[in-house]
Amino acid sequence: EISAMAENALRGLLEKAGVGLTMANKWTDPTMQLIGSIALGVPLVVILHILIAVYVGILYVPALPAAMYAYYQLAWLATPAASTEEFLEFKDLLLKKKWGQRKIPMHILVEEFLADNIAFRKDVLQTLEQDRDKFIDWRPNWSLFVFLLQQALPQTSSSFKNIKATTKEIAEHYDRGNDFFASFLGPMMIYTSAFFHGTDQSLEEAQENKLNMLCEKVQLKKGDRF
């Protein structure tokens, strides 16, 4: 059982690494930074902890994570200056103070937007298409690094499946009631992608486009059923 869990963990890590390599265009891309920091950084940190404990003293071991935390906060997250408040409304004063005049890392933007701590001042799609490089920084942050580390643990890996984990996942995704799904699926409650002919079309129109396209692909004729 232990070997099977280890195999699943390794498979999960390789799956995420493969996705990262596919997404990356050059060695300096965020996905490559994450893969490199995990593959090289984790063993290096472990070795440094051992060396400090052996040659300096075990009481000095906490100095390393403290130094890493300080570097992350003061250097790694020191993004370039930007007029971020021109595009985003900060509902949290601490977020406004930290990111209002600096580029905000994309992963932090997504997290805080989903937590309703940030809102877009204009249309989201238009802002991201036209102005994203003016206020968004693409460096990975700590929570994304932790997510990837969790892929090595069967209890937290999104690639490891058992009956208990699958049941929990299904409940979290689907046991939300019709009102929830109707809010974004539209009257026909179609739980698949829609097909937009332009940004001026509604969700309902896009769903009809998708159904019409499918009917055309199977060469459906009047009176046929499928």
# chains A, B, ... in the order shown; residues from 1 in each chain; ligands from 1

call {"tool": "residues_around", "arguments": {"residues": "Thr84 of chain A", "least_positions_apart": "5", "cutoff": "6 Å", "atoms": "only C-alpha atoms", "output": "list in words"}}
result
Gly100, Gln101 and Phe135 of chain A

call {"tool": "write_last_selection", "arguments": {"atoms": "N, CA, C and O atoms", "output": "tab-separated table (two decimals), in the first residue's frame"}}
result
chain	number	residue	atom	x	y	z
A	100	GLY	N	-1.55	48.74	-4.15
A	100	GLY	CA	-2.21	49.83	-4.87
A	100	GLY	C	-1.30	50.58	-5.83
A	100	GLY	O	-1.74	51.05	-6.89
A	101	GLN	N	-0.01	50.67	-5.52
A	101	GLN	CA	0.94	51.40	-6.35
A	101	GLN	C	2.05	50.50	-6.89
A	101	GLN	O	3.08	50.99	-7.32
A	135	PHE	N	-0.39	46.26	-14.81
A	135	PHE	CA	-0.57	46.16	-13.36
A	135	PHE	C	-0.40	44.75	-12.80
A	135	PHE	O	-0.47	44.55	-11.60

call {"tool": "residues_around", "arguments": {"residues": "segment 137-148 of chain A", "least_positions_apart": "4", "cutoff": "9 Å", "atoms": "only C-alpha atoms", "output": "PyMOL selection string"}}
result
chain A and resi 13+16+29-31+33-35+37-38+72+76-77+79-80+103-108+132-133+152+156-157

call {"tool": "closest_residue", "arguments": {"among": "A:Lys134, A:Lys97, A:Lys91, A:Lys221", "to": "Phe113 of chain A", "atoms": "only C-alpha atoms"}}
result
A:Lys91

call {"tool": "select_by_dssp", "arguments": {"residues": "chain A", "states": "strand (DSSP E)", "output": "list in words"}}
result
Leu88, Glu89, Phe90, Ile104, Pro105, Ile118, Ala119, Phe120, Ile136 and Asp137 of chain A

call {"tool": "atom_distance", "arguments": {"atom1": "atom CA of Ala182 of chain A", "atom2": "atom CA of Gln207 of chain A"}}
result
13.1 Å

call {"tool": "residues_around", "arguments": {"residues": "Asn178 of chain A", "least_positions_apart": "6", "cutoff": "12 Å", "atoms": "only C-alpha atoms", "output": "ChimeraX atom specification"}}
result
/A:184-191

call {"tool": "residues_around", "arguments": {"residues": "Phe195 of chain A", "least_positions_apart": "5", "cutoff": "8 Å", "atoms": "only C-alpha atoms", "output": "list in words"}}
result
Ala206, Gln207, Asn209 and Lys210 of chain A

call {"tool": "write_last_selection", "arguments": {"atoms": "all heavy atoms", "output": "tab-separated table (two decimals), in the first residue's frame"}}
result
chain	number	residue	atom	x	y	z
A	206	ALA	N	-24.87	31.94	-26.88
A	206	ALA	CA	-23.70	31.10	-27.09
A	206	ALA	C	-24.03	29.62	-26.90
A	206	ALA	O	-23.48	28.76	-27.59
A	206	ALA	CB	-22.59	31.52	-26.13
A	207	GLN	N	-24.93	29.32	-25.96
A	207	GLN	CA	-25.34	27.94	-25.77
A	207	GLN	C	-26.11	27.42	-26.98
A	207	GLN	O	-25.93	26.28	-27.41
A	207	GLN	CB	-26.18	27.82	-24.49
A	207	GLN	CG	-25.36	27.96	-23.22
A	207	GLN	CD	-26.23	27.93	-21.98
A	207	GLN	OE1	-27.41	28.29	-22.03
A	207	GLN	NE2	-25.66	27.49	-20.87
A	209	ASN	N	-25.75	28.54	-29.99
A	209	ASN	CA	-24.74	28.38	-31.05
A	209	ASN	C	-24.06	27.02	-30.95
A	209	ASN	O	-23.81	26.35	-31.96
A	209	ASN	CB	-23.67	29.48	-30.93
A	209	ASN	CG	-24.22	30.86	-31.21
A	209	ASN	OD1	-25.27	31.01	-31.84
A	209	ASN	ND2	-23.52	31.87	-30.75
A	210	LYS	N	-23.73	26.64	-29.72
A	210	LYS	CA	-23.06	25.36	-29.51
A	210	LYS	C	-23.95	24.20	-29.93
A	210	LYS	O	-23.51	23.25	-30.61
A	210	LYS	CB	-22.65	25.24	-28.05
A	210	LYS	CG	-21.71	24.07	-27.70
A	210	LYS	CD	-22.46	22.83	-27.30
A	210	LYS	CE	-23.27	23.09	-26.06
A	210	LYS	NZ	-22.42	23.27	-24.89

call {"tool": "closest_residue", "arguments": {"among": "A:Ser183, A:Ser83, A:Asn25, A:Gln126", "to": "Thr199 of chain A", "atoms": "only C-alpha atoms"}}
result
A:Gln126
